[in-house]
file model-v3.csv (CSV, C-alpha atoms)
chain,number,residue,atom,x,y,z
E,21,MET,CA,-84.5,108.4,170.0
E,22,ASN,CA,-86.0,111.9,169.7
E,23,ASN,CA,-83.2,114.4,170.0
E,24,ASN,CA,-85.1,116.7,172.3
E,25,PHE,CA,-85.9,113.8,174.6
E,26,GLU,CA,-82.2,112.7,174.6
E,27,GLU,CA,-81.1,116.3,175.4
E,28,ASP,CA,-83.5,116.5,178.3
E,29,VAL,CA,-82.5,113.1,179.8
E,30,VAL,CA,-78.8,113.8,179.5
E,31,GLY,CA,-79.1,117.3,180.9
E,32,ASP,CA,-81.5,116.6,183.7
E,33,ASN,CA,-79.5,113.7,184.9
E,34,HIS,CA,-76.2,115.5,184.7
E,35,LEU,CA,-74.5,112.9,182.6
E,36,ASN,CA,-71.0,113.2,181.3
E,37,LEU,CA,-70.8,111.9,177.7
E,38,SER,CA,-67.4,113.3,176.7
E,39,LYS,CA,-64.0,113.4,178.3
E,40,ARG,CA,-63.2,116.6,176.3
E,41,THR,CA,-64.8,120.0,176.4
E,42,PRO,CA,-67.3,119.9,173.5
E,43,PHE,CA,-65.8,122.7,171.4
E,44,LYS,CA,-67.3,123.4,168.0
E,45,LYS,CA,-65.1,123.6,164.9
E,46,ASN,CA,-63.0,126.8,164.8
E,47,PRO,CA,-64.1,128.0,168.3
E,48,PHE,CA,-61.6,130.9,168.5
E,49,ALA,CA,-62.6,132.7,165.3
E,50,LEU,CA,-64.1,135.5,167.3
E,51,SER,CA,-62.0,137.9,169.4
E,52,SER,CA,-62.9,138.3,173.1
E,53,GLU,CA,-64.3,141.8,172.3
E,54,GLN,CA,-66.5,140.3,169.5
E,55,LYS,CA,-67.8,137.6,171.8
E,56,GLN,CA,-68.7,140.2,174.5
E,57,ASN,CA,-70.6,142.4,172.1
E,58,LEU,CA,-72.6,139.4,170.8
E,59,ILE,CA,-73.4,138.0,174.2
E,60,GLU,CA,-74.4,141.5,175.5
E,61,GLU,CA,-76.9,141.7,172.7
E,62,LYS,CA,-78.3,138.3,173.4
E,63,VAL,CA,-78.6,138.9,177.2
E,64,ARG,CA,-80.4,142.1,176.4
E,65,ASP,CA,-82.9,140.1,174.3
E,66,ILE,CA,-83.4,137.6,177.1
E,67,LEU,CA,-84.2,140.3,179.7
E,68,ASP,CA,-86.6,141.9,177.2
E,69,ILE,CA,-88.3,138.6,176.5
E,70,LEU,CA,-88.7,138.0,180.2
E,71,GLY,CA,-90.6,141.3,180.4
E,72,LEU,CA,-88.1,143.4,182.2
E,73,ASP,CA,-87.5,147.1,181.4
E,74,ILE,CA,-84.0,147.0,179.9
E,75,ASN,CA,-83.8,150.8,180.1
E,76,ASP,CA,-84.2,150.7,183.9
E,77,ALA,CA,-81.2,152.2,185.6
E,78,SER,CA,-80.6,149.0,187.6
E,79,ILE,CA,-80.8,146.7,184.6
E,80,LYS,CA,-79.5,148.8,181.8
E,81,GLY,CA,-75.8,147.8,182.4
E,82,THR,CA,-76.6,144.1,183.1
E,83,PRO,CA,-76.1,142.8,179.6
E,84,LYS,CA,-72.6,144.3,179.4
E,85,ARG,CA,-71.7,143.1,182.9
E,86,VAL,CA,-72.9,139.5,182.1
E,87,ALA,CA,-71.0,139.5,178.8
E,88,LYS,CA,-67.7,140.6,180.4
E,89,MET,CA,-68.2,138.0,183.2
E,90,TYR,CA,-68.9,135.2,180.8
E,91,VAL,CA,-65.9,135.8,178.5
E,92,ASN,CA,-63.3,137.0,181.1
E,93,GLU,CA,-64.2,135.2,184.3
E,94,LEU,CA,-66.8,132.3,184.4
E,95,PHE,CA,-65.8,130.9,181.0
E,96,GLY,CA,-62.2,132.3,180.7
E,97,GLY,CA,-61.0,128.7,180.7
E,98,LEU,CA,-62.3,128.2,177.2
E,99,ASP,CA,-59.6,130.5,175.9
E,100,PRO,CA,-56.2,128.7,175.5
E,101,LYS,CA,-54.4,132.0,176.0
E,102,ASN,CA,-55.5,131.8,179.6
E,103,LYS,CA,-53.9,128.4,180.2
E,104,PRO,CA,-51.4,128.7,183.0
E,105,LYS,CA,-47.8,128.0,182.3
E,106,ALA,CA,-46.7,125.1,184.5
E,107,SER,CA,-43.5,126.0,186.4
E,108,VAL,CA,-41.7,122.7,186.7
E,109,PHE,CA,-38.4,122.2,188.4
E,110,PRO,CA,-36.0,119.3,188.9
E,111,ASN,CA,-36.5,117.5,192.1
E,112,THR,CA,-33.0,118.3,193.4
E,113,TYR,CA,-33.9,117.7,197.0
E,114,GLN,CA,-35.1,114.1,196.2
E,115,TYR,CA,-38.5,114.4,197.9
E,116,ASN,CA,-40.0,111.2,196.8
E,117,GLU,CA,-43.1,111.1,198.9
E,118,MET,CA,-46.6,112.3,198.1
E,119,LEU,CA,-47.3,116.0,197.8
E,120,VAL,CA,-50.9,117.0,198.5
E,121,GLU,CA,-52.5,120.4,197.8
E,122,LYS,CA,-55.9,120.2,199.5
E,123,ASN,CA,-59.0,122.4,200.0
E,124,ILE,CA,-58.5,124.3,196.7
E,125,THR,CA,-61.5,126.5,196.4
E,126,LEU,CA,-63.4,125.6,193.3
E,127,TYR,CA,-66.0,127.6,191.4
E,128,SER,CA,-67.3,126.2,188.1
E,129,THR,CA,-70.5,126.3,186.1
E,130,CYS,CA,-72.8,123.3,185.3
E,131,GLU,CA,-73.0,123.1,181.5
E,132,HIS,CA,-76.6,121.7,181.7
E,133,HIS,CA,-78.2,124.7,183.4
E,134,LEU,CA,-75.4,127.3,183.6
E,135,LEU,CA,-75.7,127.4,187.4
E,136,PRO,CA,-72.7,127.4,189.8
E,137,ILE,CA,-70.7,124.4,191.0
E,138,ILE,CA,-69.0,125.3,194.3
E,139,GLY,CA,-66.7,123.1,196.3
E,140,LYS,CA,-63.2,121.9,197.1
E,141,ALA,CA,-60.6,120.1,195.0
E,142,HIS,CA,-57.8,118.0,196.5
E,143,VAL,CA,-54.9,117.2,194.3
E,144,ALA,CA,-51.8,115.1,194.8
E,145,TYR,CA,-48.8,113.8,192.9
E,146,ILE,CA,-45.7,111.7,193.5
E,147,SER,CA,-42.6,113.1,191.7
E,148,ASN,CA,-41.1,111.3,188.8
E,149,GLY,CA,-38.0,113.6,188.8
E,150,ASN,CA,-39.8,117.0,188.7
E,151,VAL,CA,-41.8,119.2,191.1
E,152,ILE,CA,-44.3,121.9,190.2
E,153,GLY,CA,-44.9,125.3,191.8
E,154,LEU,CA,-47.7,124.9,194.3
E,155,SER,CA,-49.7,127.9,193.0
E,156,LYS,CA,-49.7,126.3,189.5
E,157,ILE,CA,-51.8,123.4,190.9
E,158,ASN,CA,-54.4,125.9,192.0
E,159,ARG,CA,-54.2,127.7,188.7
E,160,ILE,CA,-54.7,124.5,186.7
E,161,VAL,CA,-57.8,123.7,188.8
E,162,GLU,CA,-59.1,127.3,188.2
E,163,TYR,CA,-58.4,127.1,184.4
E,164,TYR,CA,-60.4,124.0,183.8
E,165,ALA,CA,-63.1,125.0,186.3
E,166,ASN,CA,-63.6,128.3,184.3
E,167,ARG,CA,-65.7,126.7,181.6
E,168,PRO,CA,-69.1,125.0,181.3
E,169,GLN,CA,-68.4,121.7,183.0
E,170,VAL,CA,-69.5,118.4,184.4
E,171,GLN,CA,-67.7,117.4,187.5
E,172,GLU,CA,-66.4,114.1,186.2
E,173,ARG,CA,-64.8,115.7,183.2
E,174,LEU,CA,-63.3,118.5,185.3
E,175,THR,CA,-61.7,115.9,187.6
E,176,LEU,CA,-60.1,114.0,184.6
E,177,GLN,CA,-58.9,117.2,182.9
E,178,ILE,CA,-57.1,118.4,186.1
E,179,VAL,CA,-55.3,115.0,186.4
E,180,GLU,CA,-54.4,114.8,182.8
E,181,GLU,CA,-53.0,118.3,182.7
E,182,LEU,CA,-50.7,117.6,185.7
E,183,GLN,CA,-49.6,114.3,184.3
E,184,LYS,CA,-48.6,116.1,181.1
E,185,ALA,CA,-46.9,119.0,182.8
E,186,MET,CA,-44.9,116.8,185.2
E,187,ASN,CA,-44.3,113.8,182.9
E,188,THR,CA,-45.7,111.3,185.5
E,189,GLU,CA,-48.7,109.0,185.8
E,190,ASN,CA,-48.7,109.5,189.6
E,191,VAL,CA,-51.5,112.0,190.0
E,192,ALA,CA,-54.8,112.0,191.9
E,193,CYS,CA,-57.7,114.4,192.3
E,194,VAL,CA,-60.8,114.3,194.5
E,195,ILE,CA,-63.5,117.0,194.1
E,196,ASP,CA,-66.4,117.5,196.6
E,197,ALA,CA,-68.8,120.1,195.3
E,198,LYS,CA,-72.4,121.4,195.5
E,199,HIS,CA,-74.3,121.9,192.3
E,200,LEU,CA,-76.8,124.7,192.4
E,201,CYS,CA,-78.8,123.0,189.6
E,202,ILE,CA,-79.6,120.4,192.2
E,203,ASN,CA,-79.6,122.6,195.3
E,204,SER,CA,-81.7,125.6,194.0
E,205,ARG,CA,-84.0,124.1,191.3
E,206,GLY,CA,-85.4,120.7,190.4
E,207,ILE,CA,-85.2,118.5,193.5
E,208,ARG,CA,-84.0,121.4,195.6
E,209,ASP,CA,-81.8,119.2,197.8
E,210,ILE,CA,-79.7,121.7,199.7
E,211,THR,CA,-77.7,119.2,201.7
E,212,SER,CA,-76.3,116.9,199.1
E,213,SER,CA,-72.9,117.3,197.4
E,214,THR,CA,-71.1,115.3,194.6
E,215,VAL,CA,-67.8,113.6,195.0
E,216,THR,CA,-65.6,112.5,192.1
E,217,SER,CA,-62.1,111.1,191.9
E,218,SER,CA,-59.4,110.0,189.6
E,219,PHE,CA,-56.5,107.9,190.9
E,220,GLN,CA,-53.7,107.3,188.5
E,221,GLY,CA,-50.3,105.6,188.6
E,222,GLU,CA,-49.1,104.8,192.1
E,223,PHE,CA,-52.5,106.1,193.4
E,224,GLN,CA,-54.2,103.0,192.1
E,225,LYS,CA,-52.5,101.1,194.8
E,226,LYS,CA,-54.7,100.7,197.9
E,227,GLU,CA,-52.2,101.9,200.4
E,228,THR,CA,-51.2,105.0,198.4
E,229,ARG,CA,-54.8,105.9,197.8
E,230,GLU,CA,-55.7,105.4,201.5
E,231,ALA,CA,-52.8,107.6,202.5
E,232,PHE,CA,-54.0,110.4,200.2
E,233,MET,CA,-57.5,110.1,201.5
E,234,SER,CA,-56.3,110.3,205.1
E,235,TYR,CA,-54.3,113.5,204.3
E,236,ILE,CA,-57.2,115.3,202.8
E,237,GLN,CA,-59.3,114.5,205.9
E,238,MET,CA,-56.7,115.8,208.3
E,239,GLU,CA,-57.5,119.0,210.3
E,240,VAL,CA,-54.6,121.2,211.0
E,241,ASN,CA,-54.9,123.9,213.7
E,242,PHE,CA,-52.5,126.8,213.5

call {"tool": "encode", "arguments": {"input": "model-v3.csv", "output": "structure tokens"}}
result
Amino acid sequence: MNNNFEEDVVGDNHLNLSKRTPFKKNPFALSSEQKQNLIEEKVRDILDILGLDINDASIKGTPKRVAKMYVNELFGGLDPKNKPKASVFPNTYQYNEMLVEKNITLYSTCEHHLLPIIGKAHVAYISNGNVIGLSKINRIVEYYANRPQVQERLTLQIVEELQKAMNTENVACVIDAKHLCINSRGIRDITSSTVTSSFQGEFQKKETREAFMSYIQMEVNF
């Protein structure tokens, strides 16, 4: 198959071909500052090629702002130094039921068009002797979301990281998100969203899975 054709087909159809983020060899050879400097230079070239006046007061600082945003924010999850430390504690109070952290705000970036993915993640686990600080679940979601992503891979990476941190198979994740590469370009369907899920361990049992799904659909009025 022609390589260009294959790239177009995979990208336009938002296919997930790898469970792992596709890092190149030695991806951390450059410092954050070096990456920012190089990206700033390339963004300036892009704006110039598009025909914009890169010396205009409004645009002049754009390359630097984009470079900082890419390295420190949108794609900060590519740097292992930003990986959250999971605060895990013994389950001394013997809570053996499902714990659900739902409606976690999710911002990511589609790796095919570098456009936003915006939605909610719902994560649950059943303790196997340990519990985790609630905010760490949110931070794990944020860490893996802050890199070029496909939603299927993001879902699996969140589950695998929690399984590893808590030493349990009993983890589930559902993500419901809008992809601006679908909503704002191409088909321009502004009403559709994408739902992905991963149910592991006890969550593969029908009754456990259904209980989790009922929890994330609950509305609580305070």

call {"tool": "closest_residue", "arguments": {"input": "model-v3.csv", "among": "E:Val151, E:Lys198, E:Gly71, E:Phe223", "to": "Thr211 in chain E", "atoms": "only C-alpha atoms"}}
result
E:Lys198

call {"tool": "residues_near_point", "arguments": {"input": "model-v3.csv", "point": "(-59.7, 111.1, 188.6)", "cutoff": "12 Å", "atoms": "only C-alpha atoms", "output": "VMD selection string"}}
result
chain E and resid 39 141 to 144 171 to 183 189 to 195 215 to 221 223 to 224 229

call {"tool": "closest_residue", "arguments": {"input": "model-v3.csv", "among": "E:Phe95, E:Leu200, E:Phe109, E:Asn158", "to": "Ile124 in chain E", "atoms": "only C-alpha atoms"}}
result
E:Asn158

call {"tool": "atom_distance", "arguments": {"input": "model-v3.csv", "atom1": "CA of Ile137 in chain E", "atom2": "CA of Asn57 in chain E"}}
result
26.1 Å

call {"tool": "atom_distance", "arguments": {"input": "model-v3.csv", "atom1": "CA of Ala231 in chain E", "atom2": "CA of Tyr115 in chain E"}}
result
16.5 Å

call {"tool": "closest_residue", "arguments": {"input": "model-v3.csv", "among": "E:Leu126, E:Gly81, E:Ile152, E:Asn75", "to": "Pro110 in chain E", "atoms": "only C-alpha atoms"}}
result
E:Ile152

call {"tool": "residues_near_point", "arguments": {"input": "model-v3.csv", "point": "(-71.2, 146.3, 181.7)", "cutoff": "12 Å", "atoms": "all atoms listed in the file", "output": "PyMOL selection string"}}
result
chain E and resi 56-57+59-61+63-64+78-90

call {"tool": "closest_residue", "arguments": {"input": "model-v3.csv", "among": "E:Lys55, E:Asn166, E:Val120, E:Asn148", "to": "Ser234 in chain E", "atoms": "all atoms listed in the file"}}
result
E:Val120
